[in-house]
>>> print(open('final_33.json').read())   # JSON, C-alpha atoms and all ligand atoms
[["chain", "number", "residue", "atom", "x", "y", "z"],
["A", 207, "MET", "CA", 141.60, 118.12, 94.68],
["A", 208, "SER", "CA", 138.60, 119.72, 93.04],
["A", 209, "ALA", "CA", 138.42, 122.30, 90.29],
["A", 210, "PRO", "CA", 138.34, 126.02, 91.23],
["A", 211, "LEU", "CA", 135.63, 126.63, 93.75],
["A", 212, "LYS", "CA", 132.36, 128.36, 93.22],
["A", 213, "HIS", "CA", 130.85, 129.84, 96.30],
["A", 214, "SER", "CA", 127.24, 129.05, 97.00],
["A", 215, "PRO", "CA", 125.21, 131.80, 95.32],
["A", 216, "LEU", "CA", 122.14, 131.10, 97.43],
["A", 217, "PRO", "CA", 121.55, 131.23, 101.15],
["A", 218, "LEU", "CA", 121.11, 127.93, 102.94],
["A", 219, "ASP", "CA", 117.74, 126.46, 102.08],
["A", 220, "ARG", "CA", 115.97, 125.37, 105.26],
["A", 221, "ASP", "CA", 113.50, 123.12, 103.44],
["A", 222, "ALA", "CA", 116.27, 121.33, 101.57],
["A", 223, "ILE", "CA", 117.99, 120.58, 104.89],
["A", 224, "ARG", "CA", 114.73, 119.33, 106.41],
["A", 225, "ALA", "CA", 114.05, 117.18, 103.33],
["A", 226, "ALA", "CA", 116.85, 114.80, 104.39],
["A", 227, "LEU", "CA", 115.15, 114.13, 107.72],
["A", 228, "PRO", "CA", 112.37, 111.70, 108.50],
["A", 229, "GLU", "CA", 109.04, 113.32, 109.32],
["A", 230, "HIS", "CA", 109.23, 112.45, 112.99],
["A", 231, "ALA", "CA", 112.88, 113.30, 113.52],
["A", 232, "VAL", "CA", 113.72, 114.69, 116.94],
["A", 233, "ILE", "CA", 117.02, 116.27, 115.94],
["A", 234, "GLY", "CA", 116.12, 118.81, 113.28],
["A", 235, "ARG", "CA", 112.40, 118.78, 114.11],
["A", 236, "GLU", "CA", 112.65, 122.51, 113.52],
["A", 237, "VAL", "CA", 115.40, 124.25, 111.57],
["A", 238, "ARG", "CA", 115.91, 128.01, 111.58],
["A", 239, "VAL", "CA", 118.34, 129.75, 109.23],
["A", 240, "PHE", "CA", 119.74, 133.23, 109.91],
["A", 241, "ALA", "CA", 121.76, 135.41, 107.58],
["A", 242, "GLU", "CA", 123.96, 136.66, 110.39],
["A", 243, "THR", "CA", 124.26, 136.29, 114.12],
["A", 244, "ALA", "CA", 126.96, 136.55, 116.77],
["A", 245, "SER", "CA", 126.96, 132.80, 117.47],
["A", 246, "THR", "CA", 124.36, 130.16, 116.67],
["A", 247, "SER", "CA", 125.14, 128.65, 120.07],
["A", 248, "ASP", "CA", 123.88, 131.86, 121.71],
["A", 249, "LEU", "CA", 120.65, 131.60, 119.70],
["A", 250, "ALA", "CA", 120.25, 127.98, 120.78],
["A", 251, "ARG", "CA", 121.05, 128.77, 124.41],
["A", 252, "ARG", "CA", 118.48, 131.58, 124.53],
["A", 253, "ALA", "CA", 115.89, 129.28, 122.96],
["A", 254, "ALA", "CA", 116.72, 126.51, 125.45],
["A", 255, "GLU", "CA", 116.43, 128.95, 128.36],
["A", 256, "GLY", "CA", 113.03, 129.90, 126.98],
["A", 257, "GLY", "CA", 111.91, 126.26, 127.06],
["A", 258, "ALA", "CA", 112.55, 125.21, 123.44],
["A", 259, "GLU", "CA", 112.14, 121.53, 122.70],
["A", 260, "GLU", "CA", 115.23, 119.46, 122.04],
["A", 261, "GLY", "CA", 116.20, 119.07, 118.43],
["A", 262, "LEU", "CA", 115.72, 122.71, 117.44],
["A", 263, "VAL", "CA", 118.60, 123.72, 115.15],
["A", 264, "PHE", "CA", 119.94, 127.19, 114.32],
["A", 265, "PHE", "CA", 122.09, 127.79, 111.25],
["A", 266, "ALA", "CA", 123.70, 131.07, 110.31],
["A", 267, "GLU", "CA", 125.39, 132.01, 107.06],
["A", 268, "ARG", "CA", 127.76, 134.19, 109.05],
["A", 269, "GLN", "CA", 128.75, 134.39, 112.69],
["A", 270, "THR", "CA", 130.32, 137.61, 113.86],
["A", 271, "ALA", "CA", 131.52, 136.10, 117.15],
["A", 272, "GLY", "CA", 131.80, 132.38, 116.42],
["A", 273, "ARG", "CA", 133.61, 130.63, 119.22],
["A", 274, "GLY", "CA", 135.59, 127.44, 119.58],
["A", 275, "ARG", "CA", 136.84, 125.42, 122.50],
["A", 276, "ARG", "CA", 139.04, 126.91, 125.17],
["A", 277, "GLY", "CA", 138.01, 130.48, 124.45],
["A", 278, "ARG", "CA", 139.25, 130.43, 120.87],
["A", 279, "THR", "CA", 137.45, 132.26, 118.10],
["A", 280, "TRP", "CA", 135.92, 130.28, 115.25],
["A", 281, "ASP", "CA", 136.31, 131.81, 111.84],
["A", 282, "SER", "CA", 132.81, 131.71, 110.29],
["A", 283, "ALA", "CA", 133.11, 133.19, 106.81],
["A", 284, "PRO", "CA", 129.79, 134.08, 105.16],
["A", 285, "GLY", "CA", 128.29, 131.49, 102.83],
["A", 286, "LEU", "CA", 131.20, 129.07, 103.01],
["A", 287, "GLY", "CA", 130.42, 126.87, 105.95],
["A", 288, "LEU", "CA", 127.84, 125.07, 107.97],
["A", 289, "TRP", "CA", 127.69, 126.91, 111.27],
["A", 290, "PHE", "CA", 124.96, 125.43, 113.39],
["A", 291, "SER", "CA", 123.86, 124.68, 116.94],
["A", 292, "ILE", "CA", 121.39, 122.18, 118.30],
["A", 293, "VAL", "CA", 119.35, 122.28, 121.51],
["A", 294, "LEU", "CA", 119.72, 118.97, 123.36],
["A", 295, "ARG", "CA", 118.04, 117.80, 126.53],
["A", 296, "PRO", "CA", 119.80, 114.52, 127.33],
["A", 297, "LEU", "CA", 118.00, 112.19, 129.71],
["A", 298, "VAL", "CA", 121.18, 110.33, 130.60],
["A", 299, "PRO", "CA", 123.02, 111.03, 133.88],
["A", 300, "ARG", "CA", 124.90, 114.32, 133.82],
["A", 301, "GLU", "CA", 128.31, 112.65, 134.23],
["A", 302, "ARG", "CA", 127.78, 110.99, 130.84],
["A", 303, "TRP", "CA", 127.15, 114.22, 128.94],
["A", 304, "SER", "CA", 130.82, 114.28, 127.98],
["A", 305, "ARG", "CA", 129.77, 111.61, 125.49],
["A", 306, "LEU", "CA", 127.93, 114.25, 123.47],
["A", 307, "ALA", "CA", 131.06, 115.46, 121.68],
["A", 308, "LEU", "CA", 131.83, 111.97, 120.45],
["A", 309, "LEU", "CA", 128.22, 111.41, 119.47],
["A", 310, "CYS", "CA", 128.30, 114.55, 117.33],
["A", 311, "ALA", "CA", 131.67, 113.58, 115.84],
["A", 312, "ALA", "CA", 130.24, 110.20, 114.87],
["A", 313, "ALA", "CA", 127.20, 111.94, 113.32],
["A", 314, "VAL", "CA", 129.36, 114.27, 111.24],
["A", 315, "ARG", "CA", 131.48, 111.35, 110.05],
["A", 316, "ARG", "CA", 128.43, 109.25, 109.16],
["A", 317, "GLY", "CA", 126.72, 112.17, 107.45],
["A", 318, "LEU", "CA", 129.76, 112.75, 105.29],
["A", 319, "GLN", "CA", 130.13, 109.08, 104.53],
["A", 320, "SER", "CA", 126.62, 109.08, 103.07],
["A", 321, "THR", "CA", 127.01, 112.28, 101.03],
["A", 322, "LEU", "CA", 130.71, 112.42, 100.08],
["A", 323, "PRO", "CA", 131.71, 108.75, 100.47],
["A", 324, "GLU", "CA", 135.13, 109.11, 98.91],
["A", 325, "LEU", "CA", 136.31, 111.61, 101.54],
["A", 326, "PRO", "CA", 138.88, 110.06, 103.88],
["A", 327, "VAL", "CA", 137.43, 111.60, 107.03],
["A", 328, "GLN", "CA", 139.35, 111.06, 110.25],
["A", 329, "TRP", "CA", 138.37, 111.81, 113.80],
["A", 330, "LYS", "CA", 140.80, 113.71, 115.98],
["A", 331, "TRP", "CA", 139.96, 113.03, 119.62],
["A", 332, "PRO", "CA", 137.83, 114.44, 121.06],
["A", 333, "ASN", "CA", 136.02, 117.14, 119.04],
["A", 334, "ASP", "CA", 137.55, 117.52, 115.59],
["A", 335, "LEU", "CA", 137.26, 115.97, 112.16],
["A", 336, "GLU", "CA", 140.06, 116.11, 109.67],
["A", 337, "CYS", "CA", 141.10, 115.16, 106.16],
["A", 338, "GLY", "CA", 144.77, 114.53, 105.48],
["A", 339, "GLY", "CA", 145.72, 115.90, 108.89],
["A", 340, "ARG", "CA", 143.88, 119.17, 108.32],
["A", 341, "LYS", "CA", 140.85, 120.16, 110.34],
["A", 342, "PHE", "CA", 137.56, 120.93, 108.63],
["A", 343, "CYS", "CA", 135.13, 120.49, 111.52],
["A", 344, "GLY", "CA", 135.08, 121.45, 115.17],
["A", 345, "ILE", "CA", 132.47, 120.65, 117.80],
["A", 346, "LEU", "CA", 131.71, 122.72, 120.85],
["A", 347, "ILE", "CA", 129.46, 121.32, 123.58],
["A", 348, "GLU", "CA", 128.21, 123.82, 126.14],
["A", 349, "ALA", "CA", 126.03, 122.48, 128.92],
["A", 350, "SER", "CA", 123.91, 123.86, 131.70],
["A", 351, "ALA", "CA", 122.08, 121.82, 134.32],
["A", 352, "ARG", "CA", 119.03, 121.26, 132.12],
["A", 353, "TYR", "CA", 120.24, 121.29, 128.53],
["A", 354, "ALA", "CA", 123.28, 121.11, 126.30],
["A", 355, "ILE", "CA", 124.03, 123.03, 123.15],
["A", 356, "ALA", "CA", 125.97, 121.21, 120.45],
["A", 357, "GLY", "CA", 127.69, 123.75, 118.20],
["A", 358, "ILE", "CA", 129.12, 122.32, 115.00],
["A", 359, "GLY", "CA", 131.27, 124.17, 112.50],
["A", 360, "VAL", "CA", 132.05, 122.59, 109.13],
["A", 361, "ASN", "CA", 134.27, 124.33, 106.60],
["A", 362, "ALA", "CA", 132.39, 123.45, 103.44],
["A", 363, "LEU", "CA", 133.11, 125.61, 100.42],
["A", 364, "HIS", "CA", 136.34, 127.38, 101.33],
["A", 365, "ALA", "CA", 139.17, 127.75, 98.86],
["A", 366, "ALA", "CA", 142.63, 127.87, 100.42],
["A", 367, "ALA", "CA", 142.65, 131.65, 100.09],
["A", 368, "ASP", "CA", 139.50, 131.88, 102.21],
["A", 369, "PHE", "CA", 141.46, 130.82, 105.29],
["A", 370, "ALA", "CA", 143.56, 133.30, 107.22],
["A", 371, "PRO", "CA", 147.23, 132.79, 106.29],
["A", 372, "GLU", "CA", 148.07, 131.45, 109.74],
["A", 373, "LEU", "CA", 145.37, 128.76, 109.42],
["A", 374, "ARG", "CA", 146.20, 127.53, 105.94],
["A", 375, "ALA", "CA", 148.60, 124.79, 107.00],
["A", 376, "GLN", "CA", 146.11, 123.27, 109.48],
["A", 377, "ALA", "CA", 142.69, 123.95, 107.96],
["A", 378, "THR", "CA", 140.83, 122.52, 105.04],
["A", 379, "SER", "CA", 137.29, 122.38, 103.67],
["A", 380, "LEU", "CA", 135.08, 119.71, 102.16],
["A", 381, "ALA", "CA", 135.34, 121.35, 98.74],
["A", 382, "LEU", "CA", 139.12, 121.42, 98.89],
["A", 383, "GLU", "CA", 139.20, 117.71, 99.69],
["A", 384, "SER", "CA", 136.37, 116.42, 97.54],
["A", 385, "ALA", "CA", 136.36, 115.76, 93.81],
["A", 386, "ALA", "CA", 132.55, 115.73, 93.93],
["A", 387, "PRO", "CA", 130.58, 118.96, 94.27],
["A", 388, "VAL", "CA", 129.65, 119.87, 97.83],
["A", 389, "GLU", "CA", 126.02, 120.74, 98.47],
["A", 390, "ARG", "CA", 125.78, 122.27, 101.88],
["A", 391, "GLU", "CA", 122.12, 121.41, 102.46],
["A", 392, "ARG", "CA", 122.68, 117.74, 101.61],
["A", 393, "VAL", "CA", 125.63, 117.55, 103.97],
["A", 394, "ALA", "CA", 123.80, 119.39, 106.75],
["A", 395, "GLY", "CA", 120.69, 117.21, 106.34],
["A", 396, "ALA", "CA", 122.79, 114.04, 106.40],
["A", 397, "ILE", "CA", 124.61, 115.11, 109.58],
["A", 398, "LEU", "CA", 121.34, 115.93, 111.34],
["A", 399, "ARG", "CA", 119.83, 112.67, 110.16],
["A", 400, "ALA", "CA", 122.82, 110.71, 111.45],
["A", 401, "LEU", "CA", 122.61, 112.51, 114.79],
["A", 402, "ASP", "CA", 118.89, 111.83, 114.97],
["A", 403, "GLU", "CA", 119.55, 108.12, 114.40],
["A", 404, "LEU", "CA", 122.27, 108.05, 117.05],
["A", 405, "TRP", "CA", 120.03, 109.99, 119.44],
["A", 406, "GLN", "CA", 117.45, 107.17, 119.31],
["A", 407, "THR", "CA", 120.05, 104.58, 120.38],
["A", 408, "ASP", "CA", 121.12, 103.76, 123.90],
["A", 409, "TRP", "CA", 124.11, 106.10, 123.59],
["A", 410, "GLY", "CA", 123.92, 106.91, 127.31],
["A", 411, "GLY", "CA", 124.29, 103.19, 128.03],
["A", 412, "ALA", "CA", 125.78, 100.22, 126.29],
["A", 413, "ASN", "CA", 125.63, 101.52, 122.71],
["A", 414, "PHE", "CA", 128.29, 104.12, 123.43],
["A", 415, "ASN", "CA", 130.87, 101.36, 123.22],
["A", 416, "ALA", "CA", 129.97, 100.76, 119.59],
["A", 417, "ILE", "CA", 130.18, 104.49, 118.84],
["A", 418, "CYS", "CA", 133.66, 104.61, 120.39],
["A", 419, "GLY", "CA", 134.64, 101.57, 118.36],
["A", 420, "GLU", "CA", 133.44, 103.22, 115.17],
["A", 421, "LEU", "CA", 135.35, 106.42, 115.91],
["A", 422, "ALA", "CA", 138.48, 104.51, 116.93],
["A", 423, "LEU", "CA", 138.55, 102.88, 113.49],
["A", 424, "HIS", "CA", 138.86, 106.34, 111.95],
["A", 425, "SER", "CA", 141.05, 107.97, 114.58],
["A", 426, "SER", "CA", 143.96, 110.11, 113.44],
["A", 427, "LEU", "CA", 145.62, 109.88, 116.86],
["A", 428, "LEU", "CA", 145.51, 106.22, 117.91],
["A", 429, "GLY", "CA", 148.88, 104.60, 117.44],
["A", 430, "GLN", "CA", 150.56, 107.98, 117.01],
["A", 431, "ARG", "CA", 153.07, 109.84, 119.14],
["A", 432, "VAL", "CA", 151.22, 112.79, 120.59],
["A", 433, "LEU", "CA", 151.69, 115.85, 122.70],
["A", 434, "LEU", "CA", 149.13, 116.69, 125.37],
["A", 435, "SER", "CA", 148.95, 120.31, 126.51],
["A", 436, "ALA", "CA", 147.65, 120.51, 130.04],
["A", 437, "GLY", "CA", 147.80, 124.09, 131.30],
["A", 438, "SER", "CA", 151.44, 125.12, 131.15],
["A", 439, "ARG", "CA", 152.63, 121.49, 130.98],
["A", 440, "THR", "CA", 153.10, 119.31, 127.94],
["A", 441, "ILE", "CA", 153.21, 115.54, 128.13],
["A", 442, "GLU", "CA", 154.42, 113.31, 125.31],
["A", 443, "GLY", "CA", 153.37, 109.73, 124.74],
["A", 444, "VAL", "CA", 151.72, 107.30, 122.39],
["A", 445, "ALA", "CA", 147.92, 107.36, 122.04],
["A", 446, "GLU", "CA", 147.28, 103.69, 122.56],
["A", 447, "MET", "CA", 143.59, 103.22, 123.26],
["A", 448, "LEU", "CA", 140.13, 104.69, 123.66],
["A", 449, "ASP", "CA", 138.23, 103.46, 126.70],
["A", 450, "SER", "CA", 134.51, 102.74, 126.94],
["A", 451, "GLU", "CA", 133.85, 106.30, 128.15],
["A", 452, "GLY", "CA", 135.66, 107.79, 125.15],
["A", 453, "HIS", "CA", 138.73, 108.81, 127.16],
["A", 454, "LEU", "CA", 142.12, 108.57, 125.50],
["A", 455, "GLY", "CA", 144.77, 106.30, 126.98],
["A", 456, "LEU", "CA", 148.38, 107.44, 126.61],
["A", 457, "LEU", "CA", 151.46, 105.29, 127.10],
["A", 458, "LEU", "CA", 154.20, 107.58, 128.43],
["A", 459, "ASP", "CA", 157.92, 107.14, 127.82],
["A", 460, "ASP", "CA", 158.54, 105.91, 131.39],
["A", 461, "GLY", "CA", 156.09, 103.07, 130.80],
["A", 462, "SER", "CA", 153.29, 104.59, 132.88],
["A", 463, "ARG", "CA", 149.82, 105.13, 131.51],
["A", 464, "LEU", "CA", 147.64, 108.21, 131.58],
["A", 465, "ARG", "CA", 143.90, 108.43, 130.99],
["A", 466, "VAL", "CA", 143.06, 111.76, 129.35],
["A", 467, "THR", "CA", 139.50, 112.98, 129.77],
["A", 468, "SER", "CA", 139.85, 116.35, 128.03],
["A", 469, "GLY", "CA", 142.54, 118.55, 126.62],
["A", 470, "ASP", "CA", 144.41, 119.62, 123.56],
["A", 471, "ILE", "CA", 146.31, 116.91, 121.79],
["A", 472, "SER", "CA", 148.51, 117.25, 118.74],
["A", 473, "ARG", "CA", 150.49, 114.73, 116.77],
["A", 474, "CYS", "CA", 154.23, 115.00, 117.33],
["A", 475, "ARG", "CA", 156.09, 116.28, 114.32],
["A", 476, "LEU", "CA", 158.55, 113.78, 112.89],
["A", 477, "LYS", "CA", 162.13, 114.85, 113.58],
["A", 478, "THR", "CA", 164.08, 115.93, 110.51],
["A", 479, "ALA", "CA", 167.82, 116.17, 109.86],
["A", 480, "GLU", "CA", 167.62, 119.90, 110.70],
["A", 481, "ASP", "CA", 166.28, 119.26, 114.22],
["B", 501, "LIG", "C1", 136.39, 124.03, 118.04],
["B", 501, "LIG", "O1", 136.93, 123.37, 117.16],
["B", 501, "LIG", "O2", 137.05, 124.66, 118.87],
["B", 501, "LIG", "C2", 134.88, 124.08, 118.09],
["B", 501, "LIG", "C3", 134.34, 124.98, 117.04],
["B", 501, "LIG", "C4", 132.81, 125.09, 117.07],
["B", 501, "LIG", "C5", 132.29, 126.08, 116.07],
["B", 501, "LIG", "C6", 130.79, 126.07, 115.99],
["B", 501, "LIG", "S1", 130.17, 126.98, 114.61],
["B", 501, "LIG", "C7", 128.55, 126.85, 115.24],
["B", 501, "LIG", "C8", 128.64, 127.05, 116.73],
["B", 501, "LIG", "N1", 128.63, 128.46, 117.05],
["B", 501, "LIG", "C9", 129.77, 128.86, 117.60],
["B", 501, "LIG", "O3", 130.00, 130.02, 117.99],
["B", 501, "LIG", "N2", 130.61, 127.84, 117.70],
["B", 501, "LIG", "C10", 130.04, 126.61, 117.19]]
>>> encode(input="final_33.json", output="structure tokens", more="lines below")
Ligand code: BTN
Amino acid sequence: MSAPLKHSPLPLDRDAIRAALPEHAVIGREVRVFAETASTSDLARRAAEGGAEEGLVFFAERQTAGRGRRGRTWDSAPGLGLWFSIVLRPLVPRERWSRLALLCAAAVRRGLQSTLPELPVQWKWPNDLECGGRKFCGILIEASARYAIAGIGVNALHAAADFAPELRAQATSLALESAAPVERERVAGAILRALDELWQTDWGGANFNAICGELALHSSLLGQRVLLSAGSRTIEGVAEMLDSEGHLGLLLDDGSRLRVTSGDISRCRLKTAED
């Protein structure tokens, strides 16, 4: 745990983020920083609709209508996080665009490994990153026929009191987990750089296997008893494998197997004497 937190006194510095990227980077070729917006993913979508090149990134210090998966809101406190969205124009077949979430998760993990190497970052299939079982990053992919928007939210400088009381047990931030100081621009630049590197690989083809393998090594779900919420149903089982498409394989109690392509998964709570 780190010492008491100091909130970043300065707004995000666009040039400092860009400094981490190679000159000819595709992802992060242009970075725009806003003080406030409804959602950076809306900014990116409007830009994409207007013909923006892929790799354009929008950051905002504050989102007034940040959104998460499944219609949830995303708490985007001013100055504490990295709230950003990237315009992507994947050339791979549309049915493989579901890989984008895992690609972004791998980029966030790699970016953190290079800037805060002591952080024990774990990947929670499919779109979250955690430390010690608490979420600090969520990824939202929104796609149209011609482009995809990758929205990434990283809780960076939050103290525990910065989270709403109902979130405190599940949420954390980089600063809460790291003994080293957290510099948002360095982290953001490293994530974009990692995504740029992954973007240049054959992630739509054979290289995706390696990305899945990398994520599987840091998975917080594999080998665990989990609960899948599917509409009004819940299904319990053991998360036993990740397939080459990044789908999660569950072993159910009756011995059957289920391939999960999307959904909400949580670890089962260990039973206590009171249960
Ligand atoms: C989730 O965990 O449900 C995904 C959260 C995604 C949040 C990010 S913050 C930047 C971008 N803008 C949004 O409105 N949402 C994404």
>>> residues_near_point(input="final_33.json", point="(113.1, 120.1, 105.1)", cutoff="10 Å", atoms="only C-alpha atoms", output="list in words")
Asp219, Arg220, Asp221, Ala222, Ile223, Arg224, Ala225, Ala226, Leu227, Pro228, Glu229, Gly234, Arg235, Glu236, Val237, Glu391 and Gly395 of chain A
>>> residues_near_ligand(input="final_33.json", ligand="ligand LIG 501 (chain B)", cutoff="10 Å", atoms="only C-alpha atoms and all ligand atoms", output="tab-separated table (two decimals) with C-alpha atoms, keeping the file's coordinate frame")
chain	number	residue	atom	x	y	z
A	243	THR	CA	124.26	136.29	114.12
A	244	ALA	CA	126.96	136.55	116.77
A	245	SER	CA	126.96	132.80	117.47
A	246	THR	CA	124.36	130.16	116.67
A	247	SER	CA	125.14	128.65	120.07
A	248	ASP	CA	123.88	131.86	121.71
A	249	LEU	CA	120.65	131.60	119.70
A	250	ALA	CA	120.25	127.98	120.78
A	264	PHE	CA	119.94	127.19	114.32
A	265	PHE	CA	122.09	127.79	111.25
A	266	ALA	CA	123.70	131.07	110.31
A	268	ARG	CA	127.76	134.19	109.05
A	269	GLN	CA	128.75	134.39	112.69
A	270	THR	CA	130.32	137.61	113.86
A	271	ALA	CA	131.52	136.10	117.15
A	272	GLY	CA	131.80	132.38	116.42
A	273	ARG	CA	133.61	130.63	119.22
A	274	GLY	CA	135.59	127.44	119.58
A	275	ARG	CA	136.84	125.42	122.50
A	276	ARG	CA	139.04	126.91	125.17
A	277	GLY	CA	138.01	130.48	124.45
A	278	ARG	CA	139.25	130.43	120.87
A	279	THR	CA	137.45	132.26	118.10
A	280	TRP	CA	135.92	130.28	115.25
A	281	ASP	CA	136.31	131.81	111.84
A	282	SER	CA	132.81	131.71	110.29
A	287	GLY	CA	130.42	126.87	105.95
A	288	LEU	CA	127.84	125.07	107.97
A	289	TRP	CA	127.69	126.91	111.27
A	290	PHE	CA	124.96	125.43	113.39
A	291	SER	CA	123.86	124.68	116.94
A	292	ILE	CA	121.39	122.18	118.30
A	332	PRO	CA	137.83	114.44	121.06
A	333	ASN	CA	136.02	117.14	119.04
A	334	ASP	CA	137.55	117.52	115.59
A	335	LEU	CA	137.26	115.97	112.16
A	341	LYS	CA	140.85	120.16	110.34
A	342	PHE	CA	137.56	120.93	108.63
A	343	CYS	CA	135.13	120.49	111.52
A	344	GLY	CA	135.08	121.45	115.17
A	345	ILE	CA	132.47	120.65	117.80
A	346	LEU	CA	131.71	122.72	120.85
A	347	ILE	CA	129.46	121.32	123.58
A	348	GLU	CA	128.21	123.82	126.14
A	355	ILE	CA	124.03	123.03	123.15
A	356	ALA	CA	125.97	121.21	120.45
A	357	GLY	CA	127.69	123.75	118.20
A	358	ILE	CA	129.12	122.32	115.00
A	359	GLY	CA	131.27	124.17	112.50
A	360	VAL	CA	132.05	122.59	109.13
A	361	ASN	CA	134.27	124.33	106.60
>>> atom_distance(input="final_33.json", atom1="atom CA of A:Gly257", atom2="atom CA of A:Gly411")
26.2 Å
>>> residues_around(input="final_33.json", residues="stretch 304-307 of chain A", least_positions_apart="2", cutoff="12 Å", atoms="only C-alpha atoms", output="ChimeraX atom specification")
/A:275,292-302,309-314,329-335,344-349,353-358,401,404-405,408-411,413-415,417-418,421,449-453,467-468
>>> closest_residue(input="final_33.json", among="A:Arg475, A:Gly419, A:Arg251, A:Asp460", to="A:Val432", atoms="only C-alpha atoms")
A:Arg475
>>> residues_near_point(input="final_33.json", point="(144.0, 103.2, 118.0)", cutoff="6 Å", atoms="only C-alpha atoms", output="list in words")
Ala422, Leu428, Gly429, Glu446 and Met447 of chain A
>>> atom_distance(input="final_33.json", atom1="atom CA of A:Leu448", atom2="atom CA of A:Ala375")
27.4 Å
>>> atom_distance(input="final_33.json", atom1="atom CA of A:Ala351", atom2="atom CA of A:Ala394")
27.7 Å
>>> residues_around(input="final_33.json", residues="A:Cys337", least_positions_apart="5", cutoff="10 Å", atoms="only C-alpha atoms", output="number ranges by chain")
A: 325-330, 342-343, 377-380, 382-384, 426
>>> write_last_selection(input="final_33.json", atoms="C-alpha atoms", output="short mmCIF file (atom, residue, chain, number, x, y, z; two decimals), in the coordinates of the input")
data_model
loop_
_atom_site.label_atom_id
_atom_site.label_comp_id
_atom_site.auth_asym_id
_atom_site.auth_seq_id
_atom_site.Cartn_x
_atom_site.Cartn_y
_atom_site.Cartn_z
CA LEU A 325 136.31 111.61 101.54
CA PRO A 326 138.88 110.06 103.88
CA VAL A 327 137.43 111.60 107.03
CA GLN A 328 139.35 111.06 110.25
CA TRP A 329 138.37 111.81 113.80
CA LYS A 330 140.80 113.71 115.98
CA PHE A 342 137.56 120.93 108.63
CA CYS A 343 135.13 120.49 111.52
CA ALA A 377 142.69 123.95 107.96
CA THR A 378 140.83 122.52 105.04
CA SER A 379 137.29 122.38 103.67
CA LEU A 380 135.08 119.71 102.16
CA LEU A 382 139.12 121.42 98.89
CA GLU A 383 139.20 117.71 99.69
CA SER A 384 136.37 116.42 97.54
CA SER A 426 143.96 110.11 113.44
#
>>> closest_residue(input="final_33.json", among="A:Ser472, A:Ser320, A:Ser425, A:Gln406", to="A:Val393", atoms="all atoms listed in the file")
A:Ser320
>>> axis_aligned_box(input="final_33.json", around="stretch 462-473 of chain A", padding_each_side="4 Å", output="AutoDock Vina command-line options")
--center_x 146.4 --center_y 112.1 --center_z 124.8 --size_x 21.8 --size_y 23.0 --size_z 24.1
